[in-house]
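Peer 1: File final.cif below, mmCIF, C-alpha atoms:
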```cif
data_start
#
loop_
_atom_site.label_atom_id
_atom_site.label_comp_id
_atom_site.auth_asym_id
_atom_site.auth_seq_id
_atom_site.Cartn_x
_atom_site.Cartn_y
_atom_site.Cartn_z
CA LEU A 1 0.00 0.00 0.00
CA ASN A 2 3.02 2.24 0.31
CA ARG A 3 5.58 2.32 -2.48
CA ARG A 4 8.33 3.39 -0.07
CA VAL A 5 8.19 -0.06 1.54
CA LEU A 6 9.75 -1.42 -1.65
CA GLU A 7 12.78 0.76 -1.03
CA LEU A 8 13.56 -1.38 2.01
CA GLY A 9 13.63 -4.57 -0.06
CA PRO A 10 17.40 -4.65 -0.69
CA ARG A 11 18.03 -4.27 3.05
CA ILE A 12 16.20 -7.51 3.90
CA ARG A 13 18.46 -10.45 3.13
CA ALA A 14 15.74 -13.05 3.57
CA ASN A 15 13.98 -11.97 0.37
CA GLU A 16 17.13 -12.72 -1.68
CA ASN A 17 16.77 -9.46 -3.61
CA VAL A 18 13.58 -10.65 -5.23
CA LEU A 19 12.68 -7.18 -6.51
CA ALA A 20 15.70 -7.28 -8.82
CA ASP A 21 14.37 -10.40 -10.54
CA PRO A 22 13.14 -9.36 -14.03
CA ARG A 23 10.17 -11.73 -13.66
CA VAL A 24 8.84 -9.75 -10.68
CA TRP A 25 6.29 -7.00 -11.30
CA PRO A 26 5.48 -5.24 -8.00
CA ILE A 27 2.05 -3.67 -7.71
CA VAL A 28 1.36 -1.15 -4.97
CA MET A 29 -2.31 -1.76 -4.24
CA ASP A 30 -4.57 -3.55 -1.81
CA GLY A 31 -4.75 -7.19 -2.93
CA ARG A 32 -8.52 -7.36 -3.01
CA ALA A 33 -8.72 -4.13 -4.97
CA TRP A 34 -6.32 -5.62 -7.51
CA MET A 35 -8.56 -8.68 -7.87
CA ARG A 36 -11.40 -6.37 -8.82
CA ARG A 37 -9.35 -4.51 -11.41
CA THR A 38 -7.31 -7.15 -13.18
CA LYS A 39 -8.37 -9.69 -15.80
CA ALA A 40 -5.20 -11.72 -15.32
CA SER A 41 -5.20 -15.38 -14.29
CA TYR A 42 -2.49 -16.95 -12.16
CA ASP A 43 -0.95 -20.36 -11.51
CA VAL A 44 -0.35 -19.49 -7.85
CA ILE A 45 -1.79 -16.91 -5.45
CA THR A 46 -0.18 -16.56 -2.02
CA LEU A 47 -1.84 -14.60 0.76
CA GLU A 48 -0.04 -13.15 3.76
CA PRO A 49 -2.15 -10.17 4.82
CA MET A 50 -2.08 -8.55 8.23
CA PRO A 51 -2.92 -11.09 10.96
CA PRO A 52 -6.60 -11.74 11.71
CA ASN A 53 -6.22 -10.03 15.10
CA PHE A 54 -5.71 -6.67 13.37
CA SER A 55 -8.78 -4.50 12.88
CA GLY A 56 -9.99 -4.05 9.33
CA VAL A 57 -8.67 -7.28 7.76
CA ASN A 58 -11.94 -9.24 7.74
CA SER A 59 -12.24 -8.52 4.01
CA LEU A 60 -9.00 -10.46 3.35
CA TYR A 61 -10.29 -13.62 5.09
CA SER A 62 -13.90 -13.57 3.91
CA ARG A 63 -15.80 -15.89 1.57
CA GLU A 64 -16.19 -13.11 -0.97
CA PHE A 65 -12.44 -12.52 -1.09
CA TYR A 66 -11.64 -16.20 -1.59
CA GLN A 67 -14.25 -16.38 -4.35
CA ALA A 68 -12.59 -13.42 -6.09
CA ALA A 69 -9.18 -15.09 -5.78
CA ARG A 70 -10.51 -18.36 -7.21
CA SER A 71 -11.91 -16.54 -10.22
CA HIS A 72 -8.34 -15.47 -11.07
CA LEU A 73 -6.74 -18.92 -10.75
CA LYS A 74 -5.97 -20.94 -13.84
CA PRO A 75 -7.26 -24.56 -14.07
CA GLY A 76 -5.23 -26.55 -11.57
CA GLY A 77 -3.99 -23.35 -9.94
CA MET A 78 -3.02 -23.22 -6.27
CA ILE A 79 -3.58 -20.77 -3.44
CA ALA A 80 -1.89 -20.51 -0.03
CA GLN A 81 -3.17 -18.61 3.01
CA TRP A 82 -1.10 -17.95 6.14
CA LEU A 83 -2.92 -18.97 9.33
CA PRO A 84 -0.99 -17.68 12.39
CA PHE A 85 -2.00 -20.14 15.09
CA HIS A 86 -0.11 -18.20 17.76
CA LEU A 87 -2.29 -15.12 17.25
CA VAL A 88 -5.81 -16.44 16.59
CA PRO A 89 -8.21 -18.11 19.06
CA ALA A 90 -9.25 -21.62 18.02
CA TYR A 91 -12.81 -20.58 17.14
CA HIS A 92 -11.53 -17.99 14.69
CA SER A 93 -8.86 -20.20 13.13
CA SER A 94 -11.54 -22.86 12.61
CA SER A 95 -13.72 -20.21 10.99
CA ILE A 96 -10.91 -19.17 8.65
CA ALA A 97 -10.34 -22.82 7.70
CA ARG A 98 -14.07 -23.37 7.10
CA THR A 99 -14.35 -20.25 4.95
CA PHE A 100 -11.28 -21.17 2.91
CA GLN A 101 -12.49 -24.71 2.26
CA GLU A 102 -15.97 -23.61 1.29
CA THR A 103 -14.37 -21.96 -1.76
CA PHE A 104 -11.55 -24.51 -2.19
CA PRO A 105 -12.95 -27.96 -1.29
CA ASN A 106 -9.69 -29.61 -2.37
CA SER A 107 -7.57 -28.04 0.36
CA ALA A 108 -5.31 -29.00 3.24
CA LEU A 109 -3.58 -27.62 6.31
CA TRP A 110 0.22 -27.54 6.34
CA LEU A 111 2.17 -26.96 9.55
CA ASP A 112 5.57 -25.35 9.70
CA PRO A 113 7.70 -28.09 11.32
CA LEU A 114 9.63 -25.54 13.39
CA GLY A 115 7.16 -22.86 14.42
CA PHE A 116 3.91 -24.83 14.02
CA THR A 117 2.19 -21.92 12.32
CA GLY A 118 -0.37 -22.98 9.74
CA ILE A 119 -0.71 -22.53 6.01
CA LEU A 120 -3.95 -23.36 4.23
CA VAL A 121 -3.28 -24.69 0.73
CA GLY A 122 -6.01 -25.11 -1.88
CA THR A 123 -6.27 -25.94 -5.55
CA THR A 124 -8.83 -25.79 -8.31
CA GLY A 125 -7.54 -29.16 -9.54
CA GLU A 126 -8.76 -32.66 -8.69
CA GLU A 127 -5.47 -34.34 -7.69
CA PRO A 128 -4.94 -34.82 -3.91
CA ILE A 129 -3.17 -31.68 -2.90
CA SER A 130 -0.28 -33.17 -0.93
CA GLU A 131 0.66 -35.36 -3.88
CA ARG A 132 1.01 -32.48 -6.29
CA LEU A 133 4.04 -30.35 -5.45
CA PRO A 134 4.98 -28.56 -8.67
CA GLY A 135 8.43 -27.04 -8.80
CA PHE A 136 10.34 -29.66 -6.85
CA GLU A 137 11.77 -31.03 -10.07
CA ARG A 138 13.91 -27.88 -10.30
CA ASP A 139 17.40 -28.25 -8.88
CA ILE A 140 17.59 -25.27 -6.52
CA ALA A 141 18.48 -24.86 -2.85
CA ARG A 142 15.54 -25.41 -0.48
CA ASP A 143 15.03 -25.33 3.27
CA LEU A 144 12.84 -28.47 3.10
CA ASP A 145 12.90 -31.33 0.61
CA SER A 146 9.72 -32.79 -0.92
CA ALA A 147 9.50 -35.58 1.67
CA GLN A 148 9.67 -33.09 4.54
CA VAL A 149 7.03 -30.92 2.92
CA LYS A 150 4.66 -33.87 2.47
CA ARG A 151 5.14 -35.01 6.07
CA SER A 152 4.08 -31.58 7.31
CA PHE A 153 0.58 -31.80 5.82
CA ALA A 154 -1.41 -32.17 9.06
CA LEU A 155 -4.95 -32.29 7.65
CA GLY A 156 -6.33 -33.31 4.29
CA PRO A 157 -9.75 -32.26 2.96
CA GLU A 158 -11.74 -34.48 5.34
CA GLY A 159 -9.81 -33.43 8.43
CA LEU A 160 -9.96 -29.77 7.43
CA ALA A 161 -13.73 -30.03 7.06
CA ARG A 162 -13.88 -31.54 10.55
CA LEU A 163 -11.84 -28.63 11.89
CA GLY A 164 -14.18 -26.18 10.18
CA GLU A 165 -17.16 -27.63 12.06
CA LEU A 166 -15.91 -25.76 15.13
CA GLY A 167 -16.22 -22.36 13.43
CA GLU A 168 -18.48 -20.50 11.03
CA VAL A 169 -18.14 -18.90 7.63
CA ILE A 170 -16.64 -15.40 7.59
CA THR A 171 -18.37 -12.99 5.23
CA ASP A 172 -18.20 -9.33 4.31
CA ASP A 173 -21.59 -8.92 5.97
CA ASN A 174 -21.06 -10.65 9.31
CA GLN A 175 -17.59 -9.09 9.90
CA LEU A 176 -16.78 -11.97 12.23
CA LEU A 177 -13.13 -11.06 12.76
CA ASN A 178 -13.78 -7.35 13.22
CA HIS A 179 -16.60 -7.87 15.70
CA HIS A 180 -14.39 -10.09 17.84
CA SER A 181 -11.15 -8.11 17.52
CA TRP A 182 -11.03 -7.58 21.29
CA LEU A 183 -11.00 -11.35 21.79
CA LEU A 184 -8.41 -11.86 19.07
CA ARG A 185 -5.99 -9.63 20.99
CA ARG A 186 -6.79 -10.89 24.49
CA GLU A 187 -4.36 -13.83 24.63
CA LYS A 188 -0.71 -13.71 23.64
CA ASP A 189 -0.16 -17.30 22.48
CA GLN A 190 -3.05 -19.24 21.00
CA ALA A 191 -0.94 -22.03 19.49
CA PRO A 192 -1.60 -24.73 22.14
CA ALA A 193 -5.38 -24.46 21.78
CA ASN A 194 -5.16 -24.43 17.99
CA LEU A 195 -2.86 -27.42 17.87
CA THR A 196 -5.23 -29.22 20.22
CA ILE A 197 -8.13 -28.95 17.81
CA VAL A 198 -5.88 -29.87 14.85
CA HIS A 199 -4.93 -33.00 16.77
CA TRP A 200 -8.61 -33.70 17.46
CA ALA A 201 -9.46 -33.29 13.77
CA THR A 202 -6.96 -36.00 12.74
CA THR A 203 -8.90 -38.77 14.47
CA ASP A 204 -10.58 -41.36 12.28
CA PRO A 205 -13.45 -42.16 12.46
CA PRO A 206 -14.44 -38.59 13.30
CA PRO A 207 -15.73 -38.05 16.84
CA ALA A 208 -18.78 -36.02 17.64
CA VAL A 209 -18.28 -32.26 17.52
CA PRO A 210 -17.10 -31.48 21.06
CA ASN A 211 -17.86 -28.74 23.46
CA VAL A 212 -14.86 -26.57 22.62
CA GLY A 213 -14.34 -25.43 26.21
CA GLU A 214 -14.27 -29.00 27.50
CA LEU A 215 -12.02 -30.04 24.63
CA PHE A 216 -9.42 -27.48 25.63
CA LYS A 217 -9.51 -28.62 29.27
CA THR A 218 -9.02 -32.31 28.49
CA MET A 219 -6.81 -32.29 25.39
CA ARG A 220 -4.15 -29.65 25.97
CA VAL A 221 -1.26 -30.46 23.67
CA LYS A 222 2.06 -28.62 23.72
CA PRO A 223 3.35 -27.66 20.25
CA GLU A 224 6.49 -29.73 20.69
CA GLU A 225 4.39 -32.80 21.55
CA LEU A 226 2.22 -32.65 18.45
CA LYS A 227 3.43 -34.67 15.51
CA PRO A 228 1.41 -34.00 12.34
CA VAL A 229 -0.46 -37.07 11.14
CA PRO A 230 0.00 -37.94 7.43
CA PRO A 231 -3.56 -37.02 6.38
CA PHE A 232 -3.82 -39.00 3.21
CA GLN A 233 -3.08 -42.24 5.04
CA SER A 234 -4.86 -41.78 8.36
CA GLN A 235 -7.97 -40.25 6.81
CA GLY A 236 -8.16 -42.54 3.83
CA VAL A 237 -8.27 -39.68 1.35
#
```
Do you think you could lay out the structure here as structure tokens?
Peer 2:
Amino acid sequence: LNRRVLELGPRIRANENVLADPRVWPIVMDGRAWMRRTKASYDVITLEPMPPNFSGVNSLYSREFYQAARSHLKPGGMIAQWLPFHLVPAYHSSSIARTFQETFPNSALWLDPLGFTGILVGTTGEEPISERLPGFERDIARDLDSAQVKRSFALGPEGLARLGELGEVITDDNQLLNHHSWLLRREKDQAPANLTIVHWATTDPPPAVPNVGELFKTMRVKPEELKPVPPFQSQGV
């Protein structure tokens, strides 16, 4: 939203001077506004907006936004949405997951093996999402190899749908995240509760939808104790 931010790019080593890559075309505009203006279609759309506990970002986690993004994906295209488990209460992370999967039924939850933050990954294609990892055939340096990436898929489509049962769909009209912004900022670290419900959602056959409060009391799981379950084996997807 501010062109001067791009001037800081060369100072941040982690981005590997991406702005100097001739294939990169930076656009200074709100992402949703760009979706309304462009006719372009993309192979990949990645989303890392401000965290859900910031006021005013409901429109970047809503059903209408995901529908707009899907309309700009090519056949078989992929989309990734950051889900910061350490910042978002379990009810709201479940709502984000439910909203995302309503638009992208073929979707999964990936967990960072170090920080245990979540990334929702969806595709317009039919192939099971954890089995299709385009780009790994290129011989370039990576932090994780393809086997490590596949092992970090914690929930497949069935498990993600189970997780979504604990939340509700976020829309432009209900402003779910904005109306609960005080709750989103109340706790400092929400990761244990979120990883608890992810662990619950991996069970097969699926249990009854629990009372969330009781679930948190009886199933507290520390991040370092949670080992992601290979979803496409345990869930029979």
Peer 1: With a distance cut-off of 12 Å and all atoms listed in the file, select the neighbouring residues of Asn58 (chain A), excluding the residue or stretch itself and same-chain residues fewer than 3 positions from it, and output the selection as a VMD selection string.
Peer 2: chain A and resid 32 49 to 55 61 to 66 92 95 to 96 99 169 to 181
Peer 1: Applying the PyMOL selection byres ((chain A and resi 111) around 9) to the file I just gave you, which residues come out? Please list them as a VMD selection string.
Peer 2: chain A and resid 109 to 110 112 to 120 152 to 154 228
Peer 1: If I wrap all listed atoms of region 38-41 of chain A in a box with edges along x, y and z and add 5 Å on each side, what are its centre and edge lengths in Å to one decimal, as lines of an AutoDock Vina configuration file?
Peer 2:
```
center_x = -6.8
center_y = -11.3
center_z = -14.5
size_x = 13.2
size_y = 18.2
size_z = 12.6
```
Peer 1: Residue by residue, what does the PyMOL selection byres ((chain A and resi 68) around 12) grab here? Present the result as a PyMOL selection string.
Peer 2: chain A and resi 31-41+45+59-67+69-73+79+100+103-104
Peer 1: Write a file of the selected residues as a PDB file, keeping the file's coordinate frame, keeping C-alpha atoms.
Peer 2:
```pdb
ATOM      1  CA  GLY A  31      -4.750  -7.190  -2.930  1.00  0.00           C
ATOM      2  CA  ARG A  32      -8.520  -7.360  -3.010  1.00  0.00           C
ATOM      3  CA  ALA A  33      -8.720  -4.130  -4.970  1.00  0.00           C
ATOM      4  CA  TRP A  34      -6.320  -5.620  -7.510  1.00  0.00           C
ATOM      5  CA  MET A  35      -8.560  -8.680  -7.870  1.00  0.00           C
ATOM      6  CA  ARG A  36     -11.400  -6.370  -8.820  1.00  0.00           C
ATOM      7  CA  ARG A  37      -9.350  -4.510 -11.410  1.00  0.00           C
ATOM      8  CA  THR A  38      -7.310  -7.150 -13.180  1.00  0.00           C
ATOM      9  CA  LYS A  39      -8.370  -9.690 -15.800  1.00  0.00           C
ATOM     10  CA  ALA A  40      -5.200 -11.720 -15.320  1.00  0.00           C
ATOM     11  CA  SER A  41      -5.200 -15.380 -14.290  1.00  0.00           C
ATOM     12  CA  ILE A  45      -1.790 -16.910  -5.450  1.00  0.00           C
ATOM     13  CA  SER A  59     -12.240  -8.520   4.010  1.00  0.00           C
ATOM     14  CA  LEU A  60      -9.000 -10.460   3.350  1.00  0.00           C
ATOM     15  CA  TYR A  61     -10.290 -13.620   5.090  1.00  0.00           C
ATOM     16  CA  SER A  62     -13.900 -13.570   3.910  1.00  0.00           C
ATOM     17  CA  ARG A  63     -15.800 -15.890   1.570  1.00  0.00           C
ATOM     18  CA  GLU A  64     -16.190 -13.110  -0.970  1.00  0.00           C
ATOM     19  CA  PHE A  65     -12.440 -12.520  -1.090  1.00  0.00           C
ATOM     20  CA  TYR A  66     -11.640 -16.200  -1.590  1.00  0.00           C
ATOM     21  CA  GLN A  67     -14.250 -16.380  -4.350  1.00  0.00           C
ATOM     22  CA  ALA A  69      -9.180 -15.090  -5.780  1.00  0.00           C
ATOM     23  CA  ARG A  70     -10.510 -18.360  -7.210  1.00  0.00           C
ATOM     24  CA  SER A  71     -11.910 -16.540 -10.220  1.00  0.00           C
ATOM     25  CA  HIS A  72      -8.340 -15.470 -11.070  1.00  0.00           C
ATOM     26  CA  LEU A  73      -6.740 -18.920 -10.750  1.00  0.00           C
ATOM     27  CA  ILE A  79      -3.580 -20.770  -3.440  1.00  0.00           C
ATOM     28  CA  PHE A 100     -11.280 -21.170   2.910  1.00  0.00           C
ATOM     29  CA  THR A 103     -14.370 -21.960  -1.760  1.00  0.00           C
ATOM     30  CA  PHE A 104     -11.550 -24.510  -2.190  1.00  0.00           C
TER      31      PHE A 104
END
```
Peer 1: Closest to Ala97 (chain A) among A:Gly167, A:Gly9, A:Ile129, A:Asn15, using all atoms listed in the file?
Peer 2: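 Ranked by minimum distance to Ala97 (chain A), first place goes to A:Gly167.
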